[in-house]
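Asks: Sharing my_file29.cif, mmCIF, N, CA and C atoms:
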data_structure
#
loop_
_atom_site.label_atom_id
_atom_site.label_comp_id
_atom_site.auth_asym_id
_atom_site.auth_seq_id
_atom_site.Cartn_x
_atom_site.Cartn_y
_atom_site.Cartn_z
N MET A 496 81.23 5.62 -133.32
CA MET A 496 81.70 4.79 -132.24
C MET A 496 82.27 5.70 -131.15
N THR A 497 81.82 5.54 -129.94
CA THR A 497 82.29 6.33 -128.81
C THR A 497 83.66 5.85 -128.38
N GLN A 498 84.55 6.80 -128.07
CA GLN A 498 85.87 6.44 -127.59
C GLN A 498 86.11 7.09 -126.25
N PHE A 499 86.95 6.43 -125.44
CA PHE A 499 87.31 6.96 -124.13
C PHE A 499 88.79 7.28 -124.13
N ARG A 500 89.13 8.37 -123.53
CA ARG A 500 90.54 8.73 -123.36
C ARG A 500 90.86 8.66 -121.88
N SER A 501 92.00 8.10 -121.59
CA SER A 501 92.45 8.07 -120.21
C SER A 501 93.74 8.85 -120.12
N ASN A 502 94.39 8.82 -118.98
CA ASN A 502 95.66 9.52 -118.83
C ASN A 502 96.76 8.90 -119.69
N SER A 503 96.58 7.64 -120.01
CA SER A 503 97.58 6.98 -120.87
C SER A 503 97.30 7.35 -122.32
N PRO A 504 98.29 7.22 -123.17
CA PRO A 504 98.10 7.59 -124.58
C PRO A 504 97.26 6.59 -125.36
N VAL A 505 96.85 5.47 -124.75
CA VAL A 505 96.08 4.45 -125.45
C VAL A 505 94.62 4.88 -125.55
N VAL A 506 94.05 4.81 -126.74
CA VAL A 506 92.66 5.14 -126.96
C VAL A 506 91.89 3.84 -127.11
N LYS A 507 90.80 3.69 -126.34
CA LYS A 507 90.00 2.47 -126.40
C LYS A 507 88.61 2.80 -126.92
N THR A 508 88.07 1.87 -127.70
CA THR A 508 86.69 2.03 -128.13
C THR A 508 85.79 1.62 -126.97
N PHE A 509 84.55 1.98 -127.06
CA PHE A 509 83.59 1.61 -126.01
C PHE A 509 83.48 0.09 -125.90
N ASP A 510 83.46 -0.60 -127.06
CA ASP A 510 83.41 -2.07 -127.07
C ASP A 510 84.63 -2.66 -126.38
N GLY A 511 85.78 -2.12 -126.67
CA GLY A 511 87.01 -2.60 -126.04
C GLY A 511 87.00 -2.38 -124.54
N PHE A 512 86.48 -1.24 -124.12
CA PHE A 512 86.36 -0.91 -122.70
C PHE A 512 85.45 -1.92 -121.99
N LEU A 513 84.28 -2.22 -122.59
CA LEU A 513 83.36 -3.18 -121.98
C LEU A 513 83.95 -4.58 -121.95
N ASN A 514 84.60 -4.98 -123.04
CA ASN A 514 85.22 -6.31 -123.07
C ASN A 514 86.27 -6.45 -121.98
N GLU A 515 87.05 -5.41 -121.77
CA GLU A 515 88.08 -5.45 -120.73
C GLU A 515 87.45 -5.59 -119.36
N ILE A 516 86.38 -4.85 -119.10
CA ILE A 516 85.70 -4.93 -117.81
C ILE A 516 85.15 -6.33 -117.57
N PHE A 517 84.41 -6.87 -118.54
CA PHE A 517 83.75 -8.16 -118.34
C PHE A 517 84.72 -9.33 -118.39
N ASN A 518 85.84 -9.20 -119.09
CA ASN A 518 86.82 -10.27 -119.09
C ASN A 518 87.64 -10.30 -117.80
N ASP A 519 87.85 -9.13 -117.19
CA ASP A 519 88.66 -9.06 -115.97
C ASP A 519 87.82 -9.23 -114.71
N MET A 520 86.52 -8.98 -114.78
CA MET A 520 85.69 -9.02 -113.58
C MET A 520 85.69 -10.38 -112.89
N PRO A 521 85.48 -11.51 -113.59
CA PRO A 521 85.48 -12.79 -112.88
C PRO A 521 86.80 -13.06 -112.18
N ALA A 522 87.92 -12.67 -112.79
CA ALA A 522 89.23 -12.89 -112.17
C ALA A 522 89.37 -12.09 -110.89
N ALA A 523 88.74 -10.92 -110.85
CA ALA A 523 88.79 -10.10 -109.64
C ALA A 523 88.10 -10.79 -108.47
N PHE A 524 87.15 -11.68 -108.76
CA PHE A 524 86.45 -12.41 -107.72
C PHE A 524 87.04 -13.81 -107.52
N GLY A 525 88.18 -14.08 -108.14
CA GLY A 525 88.84 -15.36 -107.96
C GLY A 525 88.24 -16.49 -108.78
N LYS A 526 87.51 -16.17 -109.83
CA LYS A 526 86.88 -17.19 -110.66
C LYS A 526 87.27 -16.98 -112.11
N THR A 527 87.20 -18.04 -112.85
CA THR A 527 87.38 -17.91 -114.29
C THR A 527 86.00 -17.76 -114.92
N VAL A 528 85.95 -17.31 -116.14
CA VAL A 528 84.68 -17.15 -116.83
C VAL A 528 83.96 -18.49 -116.93
N ARG A 529 84.69 -19.57 -117.18
CA ARG A 529 84.10 -20.89 -117.33
C ARG A 529 83.38 -21.33 -116.04
N GLU A 530 83.94 -21.04 -114.87
CA GLU A 530 83.29 -21.40 -113.61
C GLU A 530 81.98 -20.64 -113.44
N ASP A 531 81.95 -19.39 -113.87
CA ASP A 531 80.73 -18.59 -113.74
C ASP A 531 79.60 -19.15 -114.58
N VAL A 532 79.93 -19.73 -115.73
CA VAL A 532 78.91 -20.27 -116.62
C VAL A 532 78.11 -21.36 -115.92
N PHE A 533 78.78 -22.19 -115.11
CA PHE A 533 78.13 -23.33 -114.49
C PHE A 533 77.49 -23.00 -113.14
N SER A 534 77.71 -21.83 -112.59
CA SER A 534 77.18 -21.54 -111.27
C SER A 534 75.70 -21.17 -111.30
N PHE A 535 75.16 -20.89 -112.44
CA PHE A 535 73.76 -20.48 -112.53
C PHE A 535 73.18 -21.02 -113.82
N PRO A 536 72.70 -22.28 -113.82
CA PRO A 536 72.26 -22.90 -115.07
C PRO A 536 71.00 -22.25 -115.63
N PRO A 537 70.85 -22.26 -116.95
CA PRO A 537 69.64 -21.70 -117.55
C PRO A 537 68.42 -22.58 -117.28
N VAL A 538 67.28 -21.94 -117.16
CA VAL A 538 66.03 -22.63 -116.84
C VAL A 538 64.94 -22.19 -117.81
N ASN A 539 64.14 -23.15 -118.28
CA ASN A 539 62.95 -22.85 -119.07
C ASN A 539 61.73 -23.21 -118.23
N ILE A 540 60.74 -22.34 -118.22
CA ILE A 540 59.50 -22.61 -117.50
C ILE A 540 58.35 -22.41 -118.47
N THR A 541 57.52 -23.44 -118.59
CA THR A 541 56.34 -23.34 -119.45
C THR A 541 55.11 -23.70 -118.65
N GLU A 542 53.98 -23.21 -119.12
CA GLU A 542 52.70 -23.49 -118.45
C GLU A 542 51.76 -24.14 -119.45
N LYS A 543 51.14 -25.21 -119.00
CA LYS A 543 50.10 -25.85 -119.78
C LYS A 543 48.86 -25.89 -118.90
N LYS A 544 47.79 -26.40 -119.45
CA LYS A 544 46.52 -26.41 -118.74
C LYS A 544 46.60 -27.15 -117.40
N ASP A 545 47.32 -28.29 -117.37
CA ASP A 545 47.34 -29.13 -116.18
C ASP A 545 48.52 -28.91 -115.25
N ALA A 546 49.62 -28.27 -115.74
CA ALA A 546 50.83 -28.17 -114.92
C ALA A 546 51.78 -27.10 -115.45
N TYR A 547 52.75 -26.77 -114.58
CA TYR A 547 53.89 -25.97 -114.99
C TYR A 547 55.02 -26.96 -115.25
N TYR A 548 55.88 -26.65 -116.22
CA TYR A 548 57.00 -27.51 -116.54
C TYR A 548 58.28 -26.69 -116.44
N LEU A 549 59.21 -27.19 -115.65
CA LEU A 549 60.45 -26.49 -115.41
C LEU A 549 61.59 -27.38 -115.90
N GLU A 550 62.48 -26.83 -116.73
CA GLU A 550 63.62 -27.57 -117.25
C GLU A 550 64.90 -26.83 -116.89
N VAL A 551 65.83 -27.54 -116.26
CA VAL A 551 67.12 -26.98 -115.86
C VAL A 551 68.20 -27.64 -116.70
N SER A 552 68.98 -26.85 -117.42
CA SER A 552 70.06 -27.38 -118.23
C SER A 552 71.26 -27.66 -117.32
N ALA A 553 71.57 -28.94 -117.15
CA ALA A 553 72.68 -29.35 -116.27
C ALA A 553 73.38 -30.57 -116.84
N PRO A 554 74.06 -30.41 -117.98
CA PRO A 554 74.73 -31.56 -118.59
C PRO A 554 75.91 -32.05 -117.74
N GLY A 555 76.18 -33.34 -117.84
CA GLY A 555 77.32 -33.91 -117.15
C GLY A 555 77.05 -34.29 -115.71
N MET A 556 75.85 -34.07 -115.24
CA MET A 556 75.50 -34.43 -113.86
C MET A 556 74.92 -35.83 -113.85
N ASP A 557 74.83 -36.40 -112.66
CA ASP A 557 74.13 -37.66 -112.44
C ASP A 557 72.89 -37.37 -111.61
N LYS A 558 71.94 -38.26 -111.67
CA LYS A 558 70.69 -38.09 -110.92
C LYS A 558 70.98 -37.89 -109.43
N ALA A 559 71.97 -38.59 -108.91
CA ALA A 559 72.30 -38.51 -107.48
C ALA A 559 72.93 -37.17 -107.09
N ASP A 560 73.37 -36.37 -108.05
CA ASP A 560 73.99 -35.07 -107.76
C ASP A 560 72.97 -34.00 -107.39
N PHE A 561 71.68 -34.24 -107.67
CA PHE A 561 70.65 -33.23 -107.48
C PHE A 561 69.94 -33.35 -106.13
N SER A 562 69.47 -32.22 -105.67
CA SER A 562 68.59 -32.17 -104.50
C SER A 562 67.46 -31.20 -104.85
N VAL A 563 66.22 -31.68 -104.70
CA VAL A 563 65.05 -30.84 -104.96
C VAL A 563 64.24 -30.82 -103.68
N LYS A 564 64.04 -29.62 -103.12
CA LYS A 564 63.32 -29.49 -101.85
C LYS A 564 62.23 -28.44 -101.96
N LEU A 565 61.15 -28.69 -101.26
CA LEU A 565 60.05 -27.73 -101.19
C LEU A 565 59.85 -27.37 -99.73
N ASP A 566 60.04 -26.11 -99.40
CA ASP A 566 59.85 -25.62 -98.04
C ASP A 566 58.80 -24.52 -98.10
N GLY A 567 57.58 -24.86 -97.68
CA GLY A 567 56.47 -23.93 -97.83
C GLY A 567 56.18 -23.76 -99.30
N ASN A 568 56.32 -22.54 -99.81
CA ASN A 568 56.11 -22.32 -101.25
C ASN A 568 57.42 -22.03 -101.98
N LEU A 569 58.57 -22.35 -101.34
CA LEU A 569 59.87 -22.12 -101.95
C LEU A 569 60.46 -23.44 -102.44
N LEU A 570 60.58 -23.57 -103.77
CA LEU A 570 61.16 -24.75 -104.40
C LEU A 570 62.63 -24.46 -104.65
N THR A 571 63.52 -25.30 -104.09
CA THR A 571 64.95 -25.11 -104.24
C THR A 571 65.56 -26.31 -104.95
N ILE A 572 66.28 -26.03 -106.03
CA ILE A 572 66.97 -27.06 -106.79
C ILE A 572 68.46 -26.78 -106.65
N SER A 573 69.19 -27.79 -106.18
CA SER A 573 70.63 -27.64 -106.06
C SER A 573 71.31 -28.88 -106.59
N ALA A 574 72.57 -28.73 -106.95
CA ALA A 574 73.35 -29.87 -107.45
C ALA A 574 74.82 -29.62 -107.16
N GLU A 575 75.52 -30.71 -106.97
CA GLU A 575 76.97 -30.62 -106.79
C GLU A 575 77.61 -31.83 -107.45
N LYS A 576 78.49 -31.56 -108.39
CA LYS A 576 79.23 -32.61 -109.09
C LYS A 576 80.66 -32.53 -108.60
N LYS A 577 81.09 -33.56 -107.90
CA LYS A 577 82.44 -33.56 -107.36
C LYS A 577 83.40 -34.17 -108.36
N GLU A 578 84.66 -33.80 -108.23
CA GLU A 578 85.68 -34.33 -109.12
C GLU A 578 85.86 -35.82 -108.84
N THR A 579 86.16 -36.54 -109.89
CA THR A 579 86.38 -37.97 -109.74
C THR A 579 87.75 -38.22 -109.13
N VAL A 580 87.89 -39.37 -108.48
CA VAL A 580 89.16 -39.73 -107.86
C VAL A 580 90.18 -40.01 -108.95
N LYS A 581 91.35 -39.45 -108.79
CA LYS A 581 92.38 -39.58 -109.81
C LYS A 581 93.04 -40.95 -109.71
N ASP A 582 93.20 -41.58 -110.85
CA ASP A 582 93.89 -42.87 -110.94
C ASP A 582 95.39 -42.58 -110.93
N GLU A 583 96.11 -43.18 -110.01
CA GLU A 583 97.54 -42.92 -109.86
C GLU A 583 98.37 -43.47 -111.02
N THR A 584 97.78 -44.33 -111.85
CA THR A 584 98.54 -44.92 -112.96
C THR A 584 98.50 -44.06 -114.22
N GLU A 585 97.75 -42.98 -114.19
CA GLU A 585 97.68 -42.13 -115.37
C GLU A 585 98.10 -40.71 -115.04
N LYS A 586 98.59 -40.03 -116.04
CA LYS A 586 99.06 -38.65 -115.88
C LYS A 586 98.11 -37.74 -116.65
N THR A 587 97.57 -36.74 -115.99
CA THR A 587 96.67 -35.79 -116.64
C THR A 587 97.50 -34.75 -117.37
N ILE A 588 97.25 -34.61 -118.65
CA ILE A 588 97.96 -33.63 -119.47
C ILE A 588 97.25 -32.28 -119.40
N ARG A 589 95.93 -32.31 -119.43
CA ARG A 589 95.13 -31.08 -119.38
C ARG A 589 93.82 -31.40 -118.68
N ARG A 590 93.39 -30.55 -117.74
CA ARG A 590 92.13 -30.76 -117.03
C ARG A 590 91.26 -29.52 -117.18
N GLU A 591 90.14 -29.68 -117.90
CA GLU A 591 89.19 -28.59 -118.05
C GLU A 591 87.89 -28.89 -117.35
N PHE A 592 87.65 -30.14 -116.99
CA PHE A 592 86.47 -30.49 -116.20
C PHE A 592 86.79 -30.15 -114.76
N SER A 593 85.81 -29.66 -114.05
CA SER A 593 86.01 -29.35 -112.63
C SER A 593 84.73 -29.66 -111.88
N SER A 594 84.84 -29.60 -110.57
CA SER A 594 83.62 -29.81 -109.79
C SER A 594 82.72 -28.61 -109.99
N ARG A 595 81.41 -28.87 -110.02
CA ARG A 595 80.45 -27.80 -110.25
C ARG A 595 79.33 -27.91 -109.24
N LYS A 596 78.77 -26.77 -108.91
CA LYS A 596 77.59 -26.78 -108.06
C LYS A 596 76.75 -25.56 -108.36
N PHE A 597 75.46 -25.67 -108.06
CA PHE A 597 74.56 -24.54 -108.24
C PHE A 597 73.39 -24.69 -107.30
N LYS A 598 72.66 -23.60 -107.17
CA LYS A 598 71.45 -23.59 -106.35
C LYS A 598 70.52 -22.55 -106.95
N ARG A 599 69.29 -22.96 -107.26
CA ARG A 599 68.27 -22.06 -107.79
C ARG A 599 67.01 -22.23 -106.95
N SER A 600 66.34 -21.15 -106.67
CA SER A 600 65.10 -21.19 -105.90
C SER A 600 63.99 -20.48 -106.66
N PHE A 601 62.78 -21.02 -106.51
CA PHE A 601 61.61 -20.47 -107.18
C PHE A 601 60.46 -20.41 -106.18
N THR A 602 59.75 -19.31 -106.17
CA THR A 602 58.58 -19.17 -105.31
C THR A 602 57.37 -19.65 -106.10
N LEU A 603 56.68 -20.63 -105.53
CA LEU A 603 55.51 -21.21 -106.20
C LEU A 603 54.25 -20.50 -105.76
N ASP A 604 53.30 -20.40 -106.67
CA ASP A 604 52.04 -19.78 -106.30
C ASP A 604 51.08 -20.82 -105.72
N GLU A 605 49.93 -20.38 -105.30
CA GLU A 605 48.95 -21.26 -104.66
C GLU A 605 48.31 -22.25 -105.62
N LYS A 606 48.54 -22.11 -106.91
CA LYS A 606 47.96 -23.02 -107.89
C LYS A 606 48.68 -24.37 -107.96
N VAL A 607 49.92 -24.43 -107.46
CA VAL A 607 50.73 -25.65 -107.57
C VAL A 607 50.32 -26.65 -106.49
N ASP A 608 50.13 -27.90 -106.92
CA ASP A 608 49.81 -29.01 -106.02
C ASP A 608 51.14 -29.59 -105.53
N ALA A 609 51.59 -29.17 -104.36
CA ALA A 609 52.90 -29.55 -103.84
C ALA A 609 53.06 -31.06 -103.67
N ALA A 610 51.98 -31.77 -103.43
CA ALA A 610 52.05 -33.22 -103.23
C ALA A 610 52.28 -33.98 -104.53
N ASN A 611 52.13 -33.33 -105.67
CA ASN A 611 52.24 -34.01 -106.96
C ASN A 611 53.33 -33.43 -107.86
N ILE A 612 54.48 -33.10 -107.28
CA ILE A 612 55.62 -32.62 -108.06
C ILE A 612 56.44 -33.83 -108.46
N VAL A 613 56.76 -33.92 -109.75
CA VAL A 613 57.53 -35.04 -110.28
C VAL A 613 58.80 -34.49 -110.91
N ALA A 614 59.96 -35.14 -110.62
CA ALA A 614 61.23 -34.72 -111.20
C ALA A 614 61.92 -35.91 -111.85
N LYS A 615 62.55 -35.66 -113.00
CA LYS A 615 63.37 -36.69 -113.63
C LYS A 615 64.52 -36.02 -114.38
N TYR A 616 65.61 -36.75 -114.52
CA TYR A 616 66.80 -36.23 -115.18
C TYR A 616 67.11 -37.10 -116.38
N GLU A 617 67.14 -36.49 -117.56
CA GLU A 617 67.48 -37.23 -118.76
C GLU A 617 68.14 -36.32 -119.78
N ASN A 618 69.15 -36.87 -120.42
CA ASN A 618 69.87 -36.15 -121.49
C ASN A 618 70.37 -34.77 -121.08
N GLY A 619 70.87 -34.65 -119.85
CA GLY A 619 71.44 -33.39 -119.39
C GLY A 619 70.43 -32.34 -118.96
N ILE A 620 69.15 -32.71 -118.89
CA ILE A 620 68.10 -31.76 -118.50
C ILE A 620 67.36 -32.33 -117.29
N LEU A 621 67.29 -31.54 -116.21
CA LEU A 621 66.46 -31.90 -115.06
C LEU A 621 65.07 -31.34 -115.35
N LYS A 622 64.08 -32.23 -115.40
CA LYS A 622 62.72 -31.83 -115.75
C LYS A 622 61.82 -32.00 -114.54
N LEU A 623 61.09 -30.94 -114.19
CA LEU A 623 60.13 -31.00 -113.10
C LEU A 623 58.75 -30.70 -113.65
N GLN A 624 57.78 -31.48 -113.22
CA GLN A 624 56.39 -31.24 -113.56
C GLN A 624 55.70 -30.81 -112.27
N LEU A 625 55.19 -29.61 -112.26
CA LEU A 625 54.51 -29.04 -111.10
C LEU A 625 53.02 -29.03 -111.40
N ALA A 626 52.35 -30.07 -110.94
CA ALA A 626 50.91 -30.21 -111.22
C ALA A 626 50.14 -29.05 -110.60
N LYS A 627 49.10 -28.63 -111.30
CA LYS A 627 48.22 -27.59 -110.77
C LYS A 627 47.12 -28.23 -109.95
N LYS A 628 46.69 -27.50 -108.93
CA LYS A 628 45.54 -27.96 -108.14
C LYS A 628 44.29 -27.87 -109.00
N GLU A 629 43.38 -28.79 -108.74
CA GLU A 629 42.10 -28.72 -109.45
C GLU A 629 41.33 -27.51 -108.95
N GLU A 630 40.75 -26.81 -109.88
CA GLU A 630 39.94 -25.65 -109.50
C GLU A 630 38.66 -26.12 -108.85
N ILE A 631 38.37 -25.52 -107.74
CA ILE A 631 37.12 -25.86 -107.06
C ILE A 631 36.03 -24.98 -107.65
N LYS A 632 35.11 -25.63 -108.31
CA LYS A 632 34.01 -24.89 -108.94
C LYS A 632 32.81 -24.97 -108.03
N ASN A 633 32.27 -23.84 -107.73
CA ASN A 633 31.07 -23.82 -106.92
C ASN A 633 29.90 -24.25 -107.79
N ALA A 634 29.24 -25.28 -107.33
CA ALA A 634 28.10 -25.80 -108.08
C ALA A 634 26.94 -24.82 -107.97
N ALA A 635 26.23 -24.71 -109.05
CA ALA A 635 25.05 -23.84 -109.03
C ALA A 635 24.03 -24.41 -108.04
N LYS A 636 23.47 -23.53 -107.29
CA LYS A 636 22.53 -23.97 -106.27
C LYS A 636 21.23 -23.17 -106.42
N GLU A 637 20.18 -23.87 -106.43
CA GLU A 637 18.87 -23.24 -106.54
C GLU A 637 18.47 -22.78 -105.14
N ILE A 638 18.08 -21.55 -105.03
CA ILE A 638 17.64 -21.00 -103.74
C ILE A 638 16.12 -20.81 -103.80
N SER A 639 15.49 -21.44 -102.87
CA SER A 639 14.02 -21.31 -102.85
C SER A 639 13.60 -20.01 -102.18
N ILE A 640 12.52 -19.47 -102.64
CA ILE A 640 12.02 -18.21 -102.12
C ILE A 640 10.88 -18.53 -101.13
N LEU A 641 11.01 -18.01 -99.95
CA LEU A 641 9.99 -18.28 -98.91
C LEU A 641 8.85 -17.32 -98.96
#
Here is a file; write its structure as structure tokens.
Replies:
Amino acid sequence: MTQFRSNSPVVKTFDGFLNEIFNDMPAAFGKTVREDVFSFPPVNITEKKDAYYLEVSAPGMDKADFSVKLDGNLLTISAEKKETVKDETEKTIRREFSSRKFKRSFTLDEKVDAANIVAKYENGILKLQLAKKEEIKNAAKEISIL
């Protein structure tokens, strides 16, 4: 195990050094680790014969929180979940839910049929189906010899 020595008498292992860096880094930017988790949701992309399928993990959102836009070949998915209005008759003991937002962009290739993109949100997953354009097959043509 590699160890680092500093001017102080404390000896840290390499693992301890990395943990300290990564645990303190979000605070240096004014964020907690939990906020960073939600700022960039994980995405799965699969390809099948007829379409590409994109799944964005975004639990706790509502359908109305999302915006999906296509500008040229740039597909942008964004969402913002605002905090609910506080009821004055209740006292919050602990609040760990917060407003969340994210934005992800993907460059689409020429195979995607932009007119036939379908999106739906269910069970905490935003699912997009990006239909592929039909391949134009050149029909065989008989050429007569003069």
Asks: Would you please work out which residue, of A:Leu603, A:Ala614, A:Leu621, A:Ala635, is nearest to Gly567 of chain A when using only N, CA and C atoms?
Replies: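 Of the candidates, the smallest distance to Gly567 of chain A is held by A:Leu603.
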Asks: Please enumerate the residues selected by the PyMOL selection byres (((chain A and resi 618 and name CA) around 10) and name CA) when evaluated against the supplied file, formatted as a ChimeraX atom specification.
Replies: /A:552-556,616-617,619-621
Asks: What would the list of residues within 7 Å of (60.6, -29.3, -111.1) (file frame) look like as a PyMOL selection string, if only C-alpha atoms are what count?
Replies: chain A and resi 548-549+612-614+622-625
Asks: As an exercise, work out the distance from atom CA of Lys596 of chain A to atom CA of Phe561 of chain A in Å and give it to one decimal place.
Replies: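 Those two atoms sit 9.5 Å apart.
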Asks: Applying 8 Å and only N, CA and C atoms, which residues near Glu605 of chain A remain after dropping the ones on its own chain fewer than 2 positions away? List them as number ranges by chain.
Replies: A: 568, 602-603, 607-609, 627-628
Asks: So what do you get for atom CA of Lys598 of chain A versus atom CA of Pro537 of chain A, distance-wise?
Replies: 11.5 Å
Asks: Got a sec to tell me which of segment 533-570 of chain A DSSP assigns to strand (DSSP E), as a PyMOL selection string?
Replies: chain A and resi 538-542+546-552+561-566+569-570
Asks: With N, CA and C atoms retained, write the just-selected residues as a PDB file, in the coordinates of the input.
Replies:
ATOM      1  N   VAL A 538      67.280 -21.940-117.160  1.00  0.00           N
ATOM      2  CA  VAL A 538      66.030 -22.630-116.840  1.00  0.00           C
ATOM      3  C   VAL A 538      64.940 -22.190-117.810  1.00  0.00           C
ATOM      4  N   ASN A 539      64.140 -23.150-118.280  1.00  0.00           N
ATOM      5  CA  ASN A 539      62.950 -22.850-119.070  1.00  0.00           C
ATOM      6  C   ASN A 539      61.730 -23.210-118.230  1.00  0.00           C
ATOM      7  N   ILE A 540      60.740 -22.340-118.220  1.00  0.00           N
ATOM      8  CA  ILE A 540      59.500 -22.610-117.500  1.00  0.00           C
ATOM      9  C   ILE A 540      58.350 -22.410-118.470  1.00  0.00           C
ATOM     10  N   THR A 541      57.520 -23.440-118.590  1.00  0.00           N
ATOM     11  CA  THR A 541      56.340 -23.340-119.450  1.00  0.00           C
ATOM     12  C   THR A 541      55.110 -23.700-118.650  1.00  0.00           C
ATOM     13  N   GLU A 542      53.980 -23.210-119.120  1.00  0.00           N
ATOM     14  CA  GLU A 542      52.700 -23.490-118.450  1.00  0.00           C
ATOM     15  C   GLU A 542      51.760 -24.140-119.450  1.00  0.00           C
ATOM     16  N   ALA A 546      49.620 -28.270-115.740  1.00  0.00           N
ATOM     17  CA  ALA A 546      50.830 -28.170-114.920  1.00  0.00           C
ATOM     18  C   ALA A 546      51.780 -27.100-115.450  1.00  0.00           C
ATOM     19  N   TYR A 547      52.750 -26.770-114.580  1.00  0.00           N
ATOM     20  CA  TYR A 547      53.890 -25.970-114.990  1.00  0.00           C
ATOM     21  C   TYR A 547      55.020 -26.960-115.250  1.00  0.00           C
ATOM     22  N   TYR A 548      55.880 -26.650-116.220  1.00  0.00           N
ATOM     23  CA  TYR A 548      57.000 -27.510-116.540  1.00  0.00           C
ATOM     24  C   TYR A 548      58.280 -26.690-116.440  1.00  0.00           C
ATOM     25  N   LEU A 549      59.210 -27.190-115.650  1.00  0.00           N
ATOM     26  CA  LEU A 549      60.450 -26.490-115.410  1.00  0.00           C
ATOM     27  C   LEU A 549      61.590 -27.380-115.900  1.00  0.00           C
ATOM     28  N   GLU A 550      62.480 -26.830-116.730  1.00  0.00           N
ATOM     29  CA  GLU A 550      63.620 -27.570-117.250  1.00  0.00           C
ATOM     30  C   GLU A 550      64.900 -26.830-116.890  1.00  0.00           C
ATOM     31  N   VAL A 551      65.830 -27.540-116.260  1.00  0.00           N
ATOM     32  CA  VAL A 551      67.120 -26.980-115.860  1.00  0.00           C
ATOM     33  C   VAL A 551      68.200 -27.640-116.700  1.00  0.00           C
ATOM     34  N   SER A 552      68.980 -26.850-117.420  1.00  0.00           N
ATOM     35  CA  SER A 552      70.060 -27.380-118.230  1.00  0.00           C
ATOM     36  C   SER A 552      71.260 -27.660-117.320  1.00  0.00           C
ATOM     37  N   PHE A 561      71.680 -34.240-107.670  1.00  0.00           N
ATOM     38  CA  PHE A 561      70.650 -33.230-107.480  1.00  0.00           C
ATOM     39  C   PHE A 561      69.940 -33.350-106.130  1.00  0.00           C
ATOM     40  N   SER A 562      69.470 -32.220-105.670  1.00  0.00           N
ATOM     41  CA  SER A 562      68.590 -32.170-104.500  1.00  0.00           C
ATOM     42  C   SER A 562      67.460 -31.200-104.850  1.00  0.00           C
ATOM     43  N   VAL A 563      66.220 -31.680-104.700  1.00  0.00           N
ATOM     44  CA  VAL A 563      65.050 -30.840-104.960  1.00  0.00           C
ATOM     45  C   VAL A 563      64.240 -30.820-103.680  1.00  0.00           C
ATOM     46  N   LYS A 564      64.040 -29.620-103.120  1.00  0.00           N
ATOM     47  CA  LYS A 564      63.320 -29.490-101.850  1.00  0.00           C
ATOM     48  C   LYS A 564      62.230 -28.440-101.960  1.00  0.00           C
ATOM     49  N   LEU A 565      61.150 -28.690-101.260  1.00  0.00           N
ATOM     50  CA  LEU A 565      60.050 -27.730-101.190  1.00  0.00           C
ATOM     51  C   LEU A 565      59.850 -27.370 -99.730  1.00  0.00           C
ATOM     52  N   ASP A 566      60.040 -26.110 -99.400  1.00  0.00           N
ATOM     53  CA  ASP A 566      59.850 -25.620 -98.040  1.00  0.00           C
ATOM     54  C   ASP A 566      58.800 -24.520 -98.100  1.00  0.00           C
ATOM     55  N   LEU A 569      58.570 -22.350-101.340  1.00  0.00           N
ATOM     56  CA  LEU A 569      59.870 -22.120-101.950  1.00  0.00           C
ATOM     57  C   LEU A 569      60.460 -23.440-102.440  1.00  0.00           C
ATOM     58  N   LEU A 570      60.580 -23.570-103.770  1.00  0.00           N
ATOM     59  CA  LEU A 570      61.160 -24.750-104.400  1.00  0.00           C
ATOM     60  C   LEU A 570      62.630 -24.460-104.650  1.00  0.00           C
TER      61      LEU A 570
END
Asks: Hey, could you make a per-residue contact list for segment 539-560 of chain A against segment 571-595 of chain A with 7 Å as the cut-off, showing the nearest pair of atoms and its distance in Å to one decimal, counting all atoms listed in the file, sorted by chain and number, as CSV?
Replies:
residue,atom,partner,partner_atom,distance
A:Met556,CA,A:Lys576,CA,6.3
A:Asp557,N,A:Lys576,CA,6.8
A:Ala559,C,A:Glu575,N,7.0
A:Asp560,C,A:Ala574,CA,4.1
Asks: Please determine, counting only N, CA and C atoms, which residue among A:Phe597, A:Val551, A:Lys606, A:Phe535 has the shortest atom-to-atom distance to Glu629 of chain A.
Replies: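 Answer, going by the shortest atom-to-atom distance: A:Lys606.
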Asks: Using the chain letters and residue numbers of this document, give as a list in words the residues selected by the PyMOL selection byres ((chain A and resi 545) around 6.5).
Replies: Glu542, Lys543, Lys544, Ala546, Tyr547, Leu625, Ala626 and Lys627 of chain A
Asks: Which value, in Å to one decimal, gives the distance between atom CA of Glu630 of chain A and atom CA of Ser600 of chain A?
Replies: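 Between atom CA of Glu630 of chain A and atom CA of Ser600 of chain A the gap works out to 25.8 Å.
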Asks: Find, counting only N, CA and C atoms, the residue in A:Lys632, A:Asn611, A:Phe601, A:Pro536 that gets nearest to Leu569 of chain A.
Replies: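 Under the stated criterion, the closest residue is A:Phe601.
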